[in-house]
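Below you'll find the structure, written out as structure tokens, and then a few comments.
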Amino acid sequence: MTSFGLWWGGVGHWDVFVAIYLFLGGISGGAFLVASIAEWFGERSDHEGYDFITRWGWTLSFGTIVVGSWTLLAHLSGPFLRAFMFPVKFTNWTSWMAIGTWVVVTFSLVVMARMIWATFGAEAAEDPSGLPRHVVDRLGNNLLVDWGIDLLDWGADRTRPTGLLRRLVQVGGVALAVMLVVYTALLLSAVSWMVPLWNETLLPPLFVASGFSAGIAMVVAVTYWQNDLDSHLVHRFGLLDDAVIVAEALVLAALLYTLTTGGYGAARTLDGLTSGTGLLLLVGMISAGLLLPLVISAAQQLLGSESALASKRVTTAKFGLVITGSFLLRLLLIFTAVQQPIIVT
Amino acid sequence: MGEQWGFYFDSDKCIGCHACSVSCKQRHGRDPEQDEWRTVKNVTTGEFPDVSSLPISMSCMHCSDAPCEKVCPCNSIQKREEDGIVVVDRDSCIGCHYCGWACPYGAPTYDDGGIMSKCNLCIGEGPGGGYGMPPREEQEDGGAQPACVDNCVGGAIEAGPVSELKEKASTKAVEQFEQEPANVIVEANREDTNAFPYEA
Amino acid sequence: MSSRSENCLTRRSLLKAGVGAATMAALGGCVSDTAAELGIGTTDRTATPVADANTAFGNCWMCCHNCAQEVKVTDDGTVVGITGVDGNPRGSAGPGTEGTLCPKGLGQLDKTHDPERIKQPYIRVDGELREATWEEAFEYTAERLEAFDEEYGAETFLDAGSWAETPIFRTIWRDLYGTPERIGRGVHVCAGATFVSGSMMGIGSNNRIPDYQNSEYLIMWGRNPLESFAGQFEAKGILKAIEENNATLVTIDPQYTETAEKSDMWLPIKPRTDGALALAMANVIIEEELYDAEFVENHTYGFEAYQEAVADRTPEWAAEITDLDADAIRDIARGFAEAAPQAGISVWAGTAQTGNSWKTTQNINALNGLVGNIDRPGGLRFWKSSPIADPFEVCEWTPDDKATETTIGVDLPNNAEGKTPAFRKYDEYSDNPARHITGIAHNLVPEMVENGHINGMYCHHDMPLKDGNAEAWLKALDEMELVIAVDAYWNGITRNADVVFADATQLEKDTIGTGSWSSYSDKQWVVGGKAAVEPQFNTKPDWEILTGIAEAMGWGEYFPWEDHEEFIDDQLSKVDLTLEELSSGEANYELVGEYGYEQWRDSDGPAFKFDLDQVGPFTKAAEEAGMGTAPEWHPPGTYGDELSEEYPLEFYDIRSVFFSHGSDQGIDRLLEQFARKNDLEEKDYRGNYLHINPIDAEARDIEMGDIVTVESKTGSGELMAHVTELIKPGVVTSEYGFGEGSTQQDYEGMNTMILHDTQMDPITGQPDRHLAVEVTGGE
């Protein structure tokens, strides 16, 4: 007999916390990029909407990376205390997990600094986009350490970089944000030879596109509601979002296509994606993250800004769908990933 | 570097009795329901009556270029210079399960609170055993016979320095072995079975 | 069972929830961080408890086949390691080869300290079992036995002491208490027809174990010795014959087993048609003159009748009956005959647990006489046990009343003399031909209890509930006046007993084995050992239990030995050994004698009989059962169930490598491994499985892992389906020993005998385990 059998190894080494982390890491990087773009335009325009977006961008980027780091720790099944020893323990520079940890740490520091510079100090904004300062203020009042806010204001004004240094921080921050998102992809694709779904060429652009599109959606939606952002700006960022989504769709299509030729592991992945929970995830991700937002945008474009479809709620719903899609994509990548089998002939 | 140690597995002699798994768990104080360091599976193919059900026993292959070692962020996985045995330092493992994804053979297991443990070719006893132990010795020099080898009813599993194992193996098995990163020589002579395992 | 994998999950979840709080602790600076301190297992890398422990020996009694064990014991008496002994007769492939233990044997490590064992004696008071001291239990037993004798008569007390590690249970129940009622294993529940027809034809029960290592052609007929062996040497011997003699291996089995996997030819025969296949093989062998004419001529009886019986039994005739290919039948007939005498057939329970088993095994056995492989190298072997002395004859002792004089031997009475077992005594059983052959039939015991012919029982490790009509037996246990049980585990017998003696297990007692078949084709041997550890909990070795009962009954004078070791030393005196000598040094076995082939030359008369017309008891039984004395063909249904539209599937039970009788059924490690072997470890179920072909499963909407109902016309039960291509369509099987009454605490799975009533082979009374069933209940 010439037939052969397959020995499938264990499945699902990672749980939902990893998926949440990958999602939050992506959206945090994306939010940082949106903030950087808005900052760039804001410097060249009088429109205060850009400032709102910038401040919300730093704040949301910071919030998501903080929660994301927590979920990263939560997925570790070992004694979590050890994870705090990473400066000493993470010494394997061939591991994307070790490299990535430093990216996360550096990024977190940069985004925190940018958030503080943007929302504290003598010229601090009174509007809702100055949320971090409001929070510190509120906390200070309750905790009777009202000098905390003064310290931060003082510190922000003293340390806020200017000139060339400011440019360096801007450019470096963008680079770190991109690295953050790219590393979350490389973390997976480093074992792509075992896991066909985690294609090393396609996963980085897919994650950047997904993180960026979700970042835009989150930051713009929040600013839209909190600062009553000008719908013109919302529309422009919406279009940018659509372009990113189109790119994301193309990469995803390419990724699914690679599964048709990736051996037994790929075939089994494809089986998983076309039945049961896998199918639900895939259909959910494509509809929520790609198709529906594009359809809504197209309809808004066709029917004009006066139509009911162009309402604030519908636009927000669209952004919500984009964010959902981004999360579903991470769930999908973690839970439908299949390791290559051992072939027994 | 000392000589690489490895396993030898002859599928013609494996009777699928699981004594290797049982004895491995006993040697290393592992509970019945815990994931296995050495596991046996019957790979079944065909339709009645043209069927085959090949029993295979597998554990950590102590790969020459161990993928698990590469991805471990903490350097907790170590490929030993002295004997090529891949061991894990459970004092620094953070339980990230990254090695689980990287291993082609499903060797890493996670329990006892999520720390990785796996076959250490019986240079130690228990999940913590292995790391930091003196170089592997042959049984006649006082080294412990790996539990699976010691209790293989069919005599299908052997362990030793790779050069010694090669001497026992058929040319075909050695040729196959040379192409794989795994340090396990697999014998599969009978007509129906010609090659195993790893082809991804 | 319920705790399975939950601990781990709980721990993980806890860790996650605790991240926040512990972060504070970490920031507070108390980062202490070794795995041991965190309570997640040892990090003492130099701790090697097994390597550091002391060595002792054991004699594996999990399936009672004496594979030698080497154990590692710590100073505080804990067994931490277990393995085989190199070169030992039953657990290695012979001299210079590695000794191992199968999963059952390895299970002894867990069994020794298993907290689920029966930890002390119990007696039934006011209907409830309550804890008792040994003193109490012995006294209580003696009182009950005396009262029983007075009221019902000792002759109505059944001795079912099958797995004792000492022979004195026979002394106590037969010679001293005086009962003729005795039920054992071989004939009564294992392989009645194989055993008895073998003996009558001239090959004894040796038709089970050919001379593997010297063989060139081996037919495993309804046997799967790579998984279900009488000592690991069987599996090892077969592999060795393949490797060294390039032997051809043939497996005849409706199921594709590990043995089939290693075979050159697998014949998935229709169950219960083996007799037809055997006749057709003989037809080819005689037709093509491939038989051993010299042997047949000079050393056999009844060849003409045999010749006549197979005259028209062509492979084509058999092909239709057996579902096999006529050419395949020719192939194995020729292969077997040409390789003979270095060709052997192994038969045992597979062809014996059917209604038509008598003729099946007679037809198969006849092939050996035909090709003249009897007690010749590579053929069947007349395995010879080691000579040991009867301690009751050789012991030297000083009676209490004659303080100075030494006496040799013990003058035992024979209190069972002149008593006839109920099976032969009463008319109620006169329509059972088996009464001419045997003193009891397993499936009739419940009826005997109902009739008041059996009123009590001594049961030692034996599990009648897994070997015959289980429900009737359970009822009978309830009705019996007195049930004395000796066992290590709670099960259907111990839970229903009036006295439960907590037995120590093999490593906690002195043992000896002197068996016959082994990997040494021409050597006699003894294997044994002194207790490796103290009896665990408040248990005692069976020797002490039995002598304790004897003492309480006033029979102490018949047991002059200080302890079991002294008794064993008397046994070993014939081979000039002591138990101490046997179990010190590197190994715990000795080769004590040598014997040659063709031992049939030593006795008068034909070595082999094809026709049994001169065997008195058999001719009577055969006549009553309506069968001839020579080989002949009995289609399924002649005796036993016929498949019908209502019950279209044939069910029978099988064994796995993980379980044997009742001695290891409840060990979690083996249950877990058994589930893994069947790829169903993810299910929260650790019972037996119904193996069913996808064709039969799909027709009934059954999927892998479904709980299904099996129903015969005499009973029904539920178990989990294991859908597999490795079984013949139309046949379903399941591992025996599970379910109600088993040693498994929760009785998970189906007691295969729950489907049963009194179906049996009419000649030997062996339960017929092939039933017509229907399977329903896909989810």
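Simple scheme: letters A, B, ... for chains in structure tokens order, numbers from 1 for residues in each chain, numbers from 1 for ligands in the order shown.
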
Please identify all residues of chain A having at least one atom at most 9 Å from any atom of chain C, considering only C-alpha atoms, and return them as a PDB file with N, CA and C atoms, in the first residue's frame.
```pdb
ATOM      1  N   TRP A  70      -1.018  44.367  29.549  1.00  0.00           N
ATOM      2  CA  TRP A  70      -1.599  43.553  30.618  1.00  0.00           C
ATOM      3  C   TRP A  70      -2.074  42.203  30.065  1.00  0.00           C
ATOM      4  N   THR A  71      -2.741  42.242  28.920  1.00  0.00           N
ATOM      5  CA  THR A  71      -3.209  40.966  28.350  1.00  0.00           C
ATOM      6  C   THR A  71      -2.032  40.113  27.904  1.00  0.00           C
ATOM      7  N   LEU A  73       0.759  39.883  29.439  1.00  0.00           N
ATOM      8  CA  LEU A  73       1.175  39.178  30.652  1.00  0.00           C
ATOM      9  C   LEU A  73       0.177  38.081  31.013  1.00  0.00           C
ATOM     10  N   ALA A  74      -1.091  38.392  30.804  1.00  0.00           N
ATOM     11  CA  ALA A  74      -2.132  37.461  31.223  1.00  0.00           C
ATOM     12  C   ALA A  74      -2.066  36.148  30.454  1.00  0.00           C
ATOM     13  N   HIS A  75      -1.560  36.190  29.240  1.00  0.00           N
ATOM     14  CA  HIS A  75      -1.536  34.937  28.475  1.00  0.00           C
ATOM     15  C   HIS A  75      -0.442  34.005  28.972  1.00  0.00           C
ATOM     16  N   LEU A  76       0.542  34.563  29.632  1.00  0.00           N
ATOM     17  CA  LEU A  76       1.637  33.718  30.111  1.00  0.00           C
ATOM     18  C   LEU A  76       1.095  32.774  31.168  1.00  0.00           C
ATOM     19  N   SER A  77       1.363  31.501  30.989  1.00  0.00           N
ATOM     20  CA  SER A  77       0.806  30.570  31.963  1.00  0.00           C
ATOM     21  C   SER A  77       1.789  30.323  33.095  1.00  0.00           C
ATOM     22  N   GLY A  78       2.991  30.803  32.949  1.00  0.00           N
ATOM     23  CA  GLY A  78       3.974  30.635  34.017  1.00  0.00           C
ATOM     24  C   GLY A  78       3.771  31.672  35.101  1.00  0.00           C
ATOM     25  N   PRO A  79       4.645  31.676  36.082  1.00  0.00           N
ATOM     26  CA  PRO A  79       4.531  32.682  37.137  1.00  0.00           C
ATOM     27  C   PRO A  79       4.751  34.057  36.523  1.00  0.00           C
ATOM     28  N   PHE A  80       3.727  34.915  36.603  1.00  0.00           N
ATOM     29  CA  PHE A  80       3.777  36.166  35.856  1.00  0.00           C
ATOM     30  C   PHE A  80       4.867  37.107  36.361  1.00  0.00           C
ATOM     31  N   LEU A  81       5.257  36.911  37.617  1.00  0.00           N
ATOM     32  CA  LEU A  81       6.281  37.795  38.162  1.00  0.00           C
ATOM     33  C   LEU A  81       7.523  37.796  37.271  1.00  0.00           C
ATOM     34  N   ARG A  82       7.762  36.616  36.690  1.00  0.00           N
ATOM     35  CA  ARG A  82       8.955  36.488  35.863  1.00  0.00           C
ATOM     36  C   ARG A  82       8.938  37.441  34.693  1.00  0.00           C
ATOM     37  N   PHE A  84       8.130  40.389  34.570  1.00  0.00           N
ATOM     38  CA  PHE A  84       8.653  41.702  34.938  1.00  0.00           C
ATOM     39  C   PHE A  84      10.171  41.722  35.000  1.00  0.00           C
TER      40      PHE A  84
END
```

_chain B contacts to chain C at 8 Å (only C-alpha atoms) as a VMD selection string_ = chain B and resid 12 to 13 15 to 19 22 to 23 26 to 27 31 to 34 40 to 42 46 to 49 51 to 54 90 to 92 111 to 115 124 to 133 144 150 to 155

*Select all residues from chain A having any atom no more than 7 Å from an atom of chain B (counting only C-alpha atoms, ignoring ligands), output as a PyMOL selection string.*
chain A and resi 1-7+9-10+13-14+76-80+82-83+89-92+94-98+191+194+340-345

Would you save the residues from that selection as a tab-separated table (two decimals), in the first residue's frame, using N, CA and C atoms?
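Writing done, so here's out-v6.tsv:
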```tsv
chain	number	residue	atom	x	y	z
A	1	MET	N	0.83	-1.19	0.00
A	1	MET	CA	0.00	0.00	0.00
A	1	MET	C	0.87	1.26	0.00
A	2	THR	N	0.46	2.23	-0.76
A	2	THR	CA	1.28	3.44	-0.85
A	2	THR	C	0.65	4.60	-0.08
A	3	SER	N	-0.43	4.33	0.58
A	3	SER	CA	-1.10	5.43	1.28
A	3	SER	C	-0.25	5.88	2.45
A	4	PHE	N	-0.57	7.04	2.95
A	4	PHE	CA	0.18	7.54	4.09
A	4	PHE	C	-0.80	8.13	5.08
A	5	GLY	N	-0.34	8.29	6.28
A	5	GLY	CA	-1.19	8.88	7.31
A	5	GLY	C	-0.58	10.17	7.81
A	6	LEU	N	-1.38	10.93	8.47
A	6	LEU	CA	-0.90	12.20	9.01
A	6	LEU	C	-1.04	12.17	10.52
A	7	TRP	N	-0.04	12.64	11.19
A	7	TRP	CA	-0.08	12.77	12.64
A	7	TRP	C	-0.16	14.25	12.95
A	9	GLY	N	-0.28	17.33	15.35
A	9	GLY	CA	0.15	17.67	16.71
A	9	GLY	C	-0.95	18.38	17.47
A	10	GLY	N	-0.60	18.87	18.62
A	10	GLY	CA	-1.57	19.59	19.45
A	10	GLY	C	-2.00	20.87	18.76
A	13	HIS	N	-2.03	26.58	20.92
A	13	HIS	CA	-1.11	26.82	22.03
A	13	HIS	C	-1.40	28.15	22.72
A	14	TRP	N	-2.13	29.02	22.02
A	14	TRP	CA	-2.40	30.34	22.60
A	14	TRP	C	-3.90	30.54	22.81
A	76	LEU	N	0.54	34.56	29.63
A	76	LEU	CA	1.64	33.72	30.11
A	76	LEU	C	1.09	32.77	31.17
A	77	SER	N	1.36	31.50	30.99
A	77	SER	CA	0.81	30.57	31.96
A	77	SER	C	1.79	30.32	33.10
A	78	GLY	N	2.99	30.80	32.95
A	78	GLY	CA	3.97	30.64	34.02
A	78	GLY	C	3.77	31.67	35.10
A	79	PRO	N	4.65	31.68	36.08
A	79	PRO	CA	4.53	32.68	37.14
A	79	PRO	C	4.75	34.06	36.52
A	80	PHE	N	3.73	34.91	36.60
A	80	PHE	CA	3.78	36.17	35.86
A	80	PHE	C	4.87	37.11	36.36
A	82	ARG	N	7.76	36.62	36.69
A	82	ARG	CA	8.95	36.49	35.86
A	82	ARG	C	8.94	37.44	34.69
A	83	ALA	N	7.74	37.74	34.17
A	83	ALA	CA	7.66	38.58	32.99
A	83	ALA	C	8.22	39.97	33.31
A	89	LYS	N	15.84	38.81	31.86
A	89	LYS	CA	15.60	37.45	31.37
A	89	LYS	C	15.47	37.35	29.85
A	90	PHE	N	14.92	38.39	29.21
A	90	PHE	CA	14.71	38.28	27.77
A	90	PHE	C	16.01	38.57	27.05
A	91	THR	N	16.77	37.53	26.86
A	91	THR	CA	18.12	37.74	26.34
A	91	THR	C	18.32	37.07	24.99
A	92	ASN	N	17.28	36.44	24.47
A	92	ASN	CA	17.47	35.71	23.22
A	92	ASN	C	17.10	36.60	22.03
A	94	THR	N	17.33	36.13	18.98
A	94	THR	CA	16.76	35.49	17.79
A	94	THR	C	15.26	35.33	17.96
A	95	SER	N	14.76	35.70	19.13
A	95	SER	CA	13.33	35.53	19.38
A	95	SER	C	12.60	36.84	19.22
A	96	TRP	N	11.58	36.83	18.37
A	96	TRP	CA	10.80	38.05	18.17
A	96	TRP	C	10.08	38.46	19.44
A	97	MET	N	9.88	37.51	20.32
A	97	MET	CA	9.19	37.86	21.55
A	97	MET	C	10.09	38.74	22.42
A	98	ALA	N	11.39	38.42	22.43
A	98	ALA	CA	12.33	39.23	23.21
A	98	ALA	C	12.50	40.61	22.58
A	191	VAL	N	7.27	31.54	12.91
A	191	VAL	CA	7.12	30.08	12.83
A	191	VAL	C	6.24	29.70	11.63
A	194	MET	N	6.07	26.28	10.16
A	194	MET	CA	5.24	25.28	10.82
A	194	MET	C	3.76	25.60	10.68
A	340	GLN	N	1.72	22.24	10.75
A	340	GLN	CA	1.92	21.17	9.77
A	340	GLN	C	1.94	19.82	10.50
A	341	PRO	N	1.39	18.82	9.88
A	341	PRO	CA	1.40	17.49	10.51
A	341	PRO	C	2.73	16.79	10.23
A	342	ILE	N	2.91	15.71	10.92
A	342	ILE	CA	3.99	14.81	10.57
A	342	ILE	C	3.42	13.83	9.56
A	343	ILE	N	4.15	13.62	8.52
A	343	ILE	CA	3.63	12.72	7.49
A	343	ILE	C	4.21	11.32	7.71
A	344	VAL	N	3.33	10.38	7.83
A	344	VAL	CA	3.76	9.02	8.09
A	344	VAL	C	3.44	8.17	6.87
A	345	THR	N	4.46	7.69	6.24
A	345	THR	CA	4.18	6.91	5.03
A	345	THR	C	4.58	5.46	5.20
```

*Out of C:Tyr597, C:Tyr306, C:Phe157, C:Trp163, which residue has the shortest atom-to-atom distance to Pro421 of chain C when counting only C-alpha atoms?*
C:Phe157

*Could you pull the residues within 12 Å of Ala317 of chain A, counting only C-alpha atoms, minus those fewer than 6 positions along the same chain, as a PyMOL selection string?*
chain A and resi 217-218+220-222+288-289+292-293+296-297+309-311+323-324

*asked:* Please return, as a VMD selection string, all residues of chain B that DSSP assigns to strand (DSSP E) on the basis of the backbone.
replied: chain B and resid 5 to 10 39 to 47 50 to 58 77 to 79 86 to 88 109 to 111 115 to 117 157 to 161 184 to 187

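These are the residues of segment 408-458 of chain C assigned alpha helix (DSSP H) by DSSP from backbone coordinates: C:Ala422, C:Phe423, C:Arg424, C:Lys425, C:Val445, C:Pro446, C:Glu447, C:Met448, C:Val449, C:Glu450.
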
May I have the residues from that selection written out with C-alpha atoms, as a JSON list (two decimals), in the first residue's frame?
```
[["chain", "number", "residue", "atom", "x", "y", "z"],
["C", 422, "ALA", "CA", -24.11, -30.30, 42.28],
["C", 423, "PHE", "CA", -23.72, -30.16, 38.51],
["C", 424, "ARG", "CA", -23.35, -33.93, 38.42],
["C", 425, "LYS", "CA", -25.41, -34.71, 41.46],
["C", 445, "VAL", "CA", -23.97, -21.00, 39.13],
["C", 446, "PRO", "CA", -26.80, -18.47, 39.60],
["C", 447, "GLU", "CA", -29.31, -21.25, 38.93],
["C", 448, "MET", "CA", -27.53, -23.48, 41.42],
["C", 449, "VAL", "CA", -27.78, -20.72, 44.00],
["C", 450, "GLU", "CA", -31.47, -20.39, 43.28]]
```

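Residues in contact with Asp331 of chain C at up to 10 Å, not including ones fewer than 6 positions away on its chain and judged by only C-alpha atoms, are Met265, Met281, Val284, Asp325 and Ala337 of chain C.
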
*What is the distance between atom CA of Asp602 of chain C and atom CA of Thr300 of chain C, in Å to one decimal?*
14.7 Å

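Note that the spacing between atom CA of Trp198 of chain A and atom CA of Ile65 of chain A amounts to 22.9 Å.
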
*Can you list, as an MDAnalysis selection string, every protein, DNA or RNA residue that comes within 12 Å of Ser170 of chain B when you count only C-alpha atoms, leaving out same-chain residues fewer than 6 positions away?*
chainID B and resid 8:10 176:177 185:189 194

How would the residues just picked look written out with C-alpha atoms as a PDB file, in the first residue's frame?
```pdb
ATOM      1  CA  TYR B   8      16.393   5.116  17.367  1.00  0.00           C
ATOM      2  CA  PHE B   9      12.890   3.943  16.558  1.00  0.00           C
ATOM      3  CA  ASP B  10      12.002   0.807  14.640  1.00  0.00           C
ATOM      4  CA  GLN B 176      16.641   9.540   5.716  1.00  0.00           C
ATOM      5  CA  PHE B 177      18.104  10.640   9.041  1.00  0.00           C
ATOM      6  CA  ILE B 185      16.826   7.482  13.380  1.00  0.00           C
ATOM      7  CA  VAL B 186      13.665   5.867  12.146  1.00  0.00           C
ATOM      8  CA  GLU B 187      13.604   2.371  10.810  1.00  0.00           C
ATOM      9  CA  ALA B 188      10.676   1.341   8.688  1.00  0.00           C
ATOM     10  CA  ASN B 189      11.683  -1.615   6.601  1.00  0.00           C
ATOM     11  CA  ASN B 194       9.024   3.061   3.886  1.00  0.00           C
TER      12      ASN B 194
END
```

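Going from atom CA of Ile37 of chain A to atom CA of Ala19 of chain A covers 27.1 Å.
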
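For the residues A:Leu187, A:Leu332, A:Val295, A:Leu250, ranking by smallest atom-to-atom distance to Thr277 of chain A using only C-alpha atoms places A:Leu332 first.
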
*With a distance cut-off of 9 Å and only C-alpha atoms, select the neighbouring residues of Ile216 of chain A, excluding the residue or stretch itself and same-chain residues fewer than 2 positions from it, and output the selection as a ChimeraX atom specification.*
/A:27,30-31,33-35,57,211-214,218-221,237-238,240-241,319

For the selection just defined, write its residues with N, CA and C atoms to a file, as a PDB file, in the first residue's frame.
```pdb
ATOM      1  N   ILE A  27      -3.996  48.287  17.179  1.00  0.00           N
ATOM      2  CA  ILE A  27      -4.816  49.497  17.194  1.00  0.00           C
ATOM      3  C   ILE A  27      -4.057  50.639  17.880  1.00  0.00           C
ATOM      4  N   GLY A  30      -1.759  51.917  15.314  1.00  0.00           N
ATOM      5  CA  GLY A  30      -2.583  52.637  14.338  1.00  0.00           C
ATOM      6  C   GLY A  30      -2.985  54.001  14.865  1.00  0.00           C
ATOM      7  N   ALA A  31      -3.406  54.051  16.128  1.00  0.00           N
ATOM      8  CA  ALA A  31      -3.836  55.318  16.734  1.00  0.00           C
ATOM      9  C   ALA A  31      -2.665  56.304  16.747  1.00  0.00           C
ATOM     10  N   LEU A  33      -0.238  56.425  14.634  1.00  0.00           N
ATOM     11  CA  LEU A  33      -0.043  56.920  13.269  1.00  0.00           C
ATOM     12  C   LEU A  33      -1.062  58.005  12.939  1.00  0.00           C
ATOM     13  N   VAL A  34      -2.309  57.784  13.326  1.00  0.00           N
ATOM     14  CA  VAL A  34      -3.350  58.784  13.059  1.00  0.00           C
ATOM     15  C   VAL A  34      -2.980  60.098  13.754  1.00  0.00           C
ATOM     16  N   ALA A  35      -2.552  59.970  15.019  1.00  0.00           N
ATOM     17  CA  ALA A  35      -2.183  61.165  15.770  1.00  0.00           C
ATOM     18  C   ALA A  35      -1.053  61.894  15.056  1.00  0.00           C
ATOM     19  N   GLY A  57      -5.541  60.779  19.774  1.00  0.00           N
ATOM     20  CA  GLY A  57      -4.692  59.710  19.230  1.00  0.00           C
ATOM     21  C   GLY A  57      -3.661  59.250  20.237  1.00  0.00           C
ATOM     22  N   GLY A 211      -4.244  47.307  11.695  1.00  0.00           N
ATOM     23  CA  GLY A 211      -4.024  48.160  12.862  1.00  0.00           C
ATOM     24  C   GLY A 211      -4.290  49.621  12.525  1.00  0.00           C
ATOM     25  N   PHE A 212      -3.810  50.025  11.374  1.00  0.00           N
ATOM     26  CA  PHE A 212      -3.981  51.422  10.959  1.00  0.00           C
ATOM     27  C   PHE A 212      -5.461  51.738  10.738  1.00  0.00           C
ATOM     28  N   SER A 213      -6.141  50.884  10.028  1.00  0.00           N
ATOM     29  CA  SER A 213      -7.554  51.155   9.735  1.00  0.00           C
ATOM     30  C   SER A 213      -8.360  51.185  11.035  1.00  0.00           C
ATOM     31  N   ALA A 214      -8.073  50.263  11.948  1.00  0.00           N
ATOM     32  CA  ALA A 214      -8.802  50.257  13.211  1.00  0.00           C
ATOM     33  C   ALA A 214      -8.422  51.463  14.056  1.00  0.00           C
ATOM     34  N   MET A 218     -11.004  54.168  15.491  1.00  0.00           N
ATOM     35  CA  MET A 218     -11.174  54.420  16.919  1.00  0.00           C
ATOM     36  C   MET A 218     -10.976  55.892  17.246  1.00  0.00           C
ATOM     37  N   VAL A 219      -9.866  56.450  16.768  1.00  0.00           N
ATOM     38  CA  VAL A 219      -9.533  57.828  17.136  1.00  0.00           C
ATOM     39  C   VAL A 219     -10.562  58.807  16.566  1.00  0.00           C
ATOM     40  N   VAL A 220     -10.904  58.619  15.300  1.00  0.00           N
ATOM     41  CA  VAL A 220     -11.834  59.556  14.676  1.00  0.00           C
ATOM     42  C   VAL A 220     -13.217  59.437  15.311  1.00  0.00           C
ATOM     43  N   ALA A 221     -13.639  58.208  15.583  1.00  0.00           N
ATOM     44  CA  ALA A 221     -14.972  58.031  16.184  1.00  0.00           C
ATOM     45  C   ALA A 221     -15.033  58.706  17.550  1.00  0.00           C
ATOM     46  N   PHE A 237     -10.790  61.572   6.890  1.00  0.00           N
ATOM     47  CA  PHE A 237     -10.143  60.419   7.534  1.00  0.00           C
ATOM     48  C   PHE A 237     -10.844  59.106   7.179  1.00  0.00           C
ATOM     49  N   GLY A 238     -12.171  59.232   6.989  1.00  0.00           N
ATOM     50  CA  GLY A 238     -12.943  58.053   6.580  1.00  0.00           C
ATOM     51  C   GLY A 238     -12.444  57.517   5.245  1.00  0.00           C
ATOM     52  N   LEU A 240      -9.461  57.945   3.991  1.00  0.00           N
ATOM     53  CA  LEU A 240      -8.147  57.341   4.219  1.00  0.00           C
ATOM     54  C   LEU A 240      -8.328  55.908   4.749  1.00  0.00           C
ATOM     55  N   ASP A 241      -9.261  55.797   5.698  1.00  0.00           N
ATOM     56  CA  ASP A 241      -9.569  54.489   6.268  1.00  0.00           C
ATOM     57  C   ASP A 241      -9.986  53.510   5.168  1.00  0.00           C
ATOM     58  N   PHE A 319     -17.234  52.853  11.776  1.00  0.00           N
ATOM     59  CA  PHE A 319     -15.947  52.755  12.480  1.00  0.00           C
ATOM     60  C   PHE A 319     -15.949  51.581  13.464  1.00  0.00           C
TER      61      PHE A 319
END
```

*asked:* Residues near Gly143 of chain B, anyone? I mean within 12 Å using only C-alpha atoms, not counting same-chain ones fewer than 3 positions away, as number ranges by chain.
replied: B: 121-124, 133-140, 146-147, 159-160; C: 48, 51
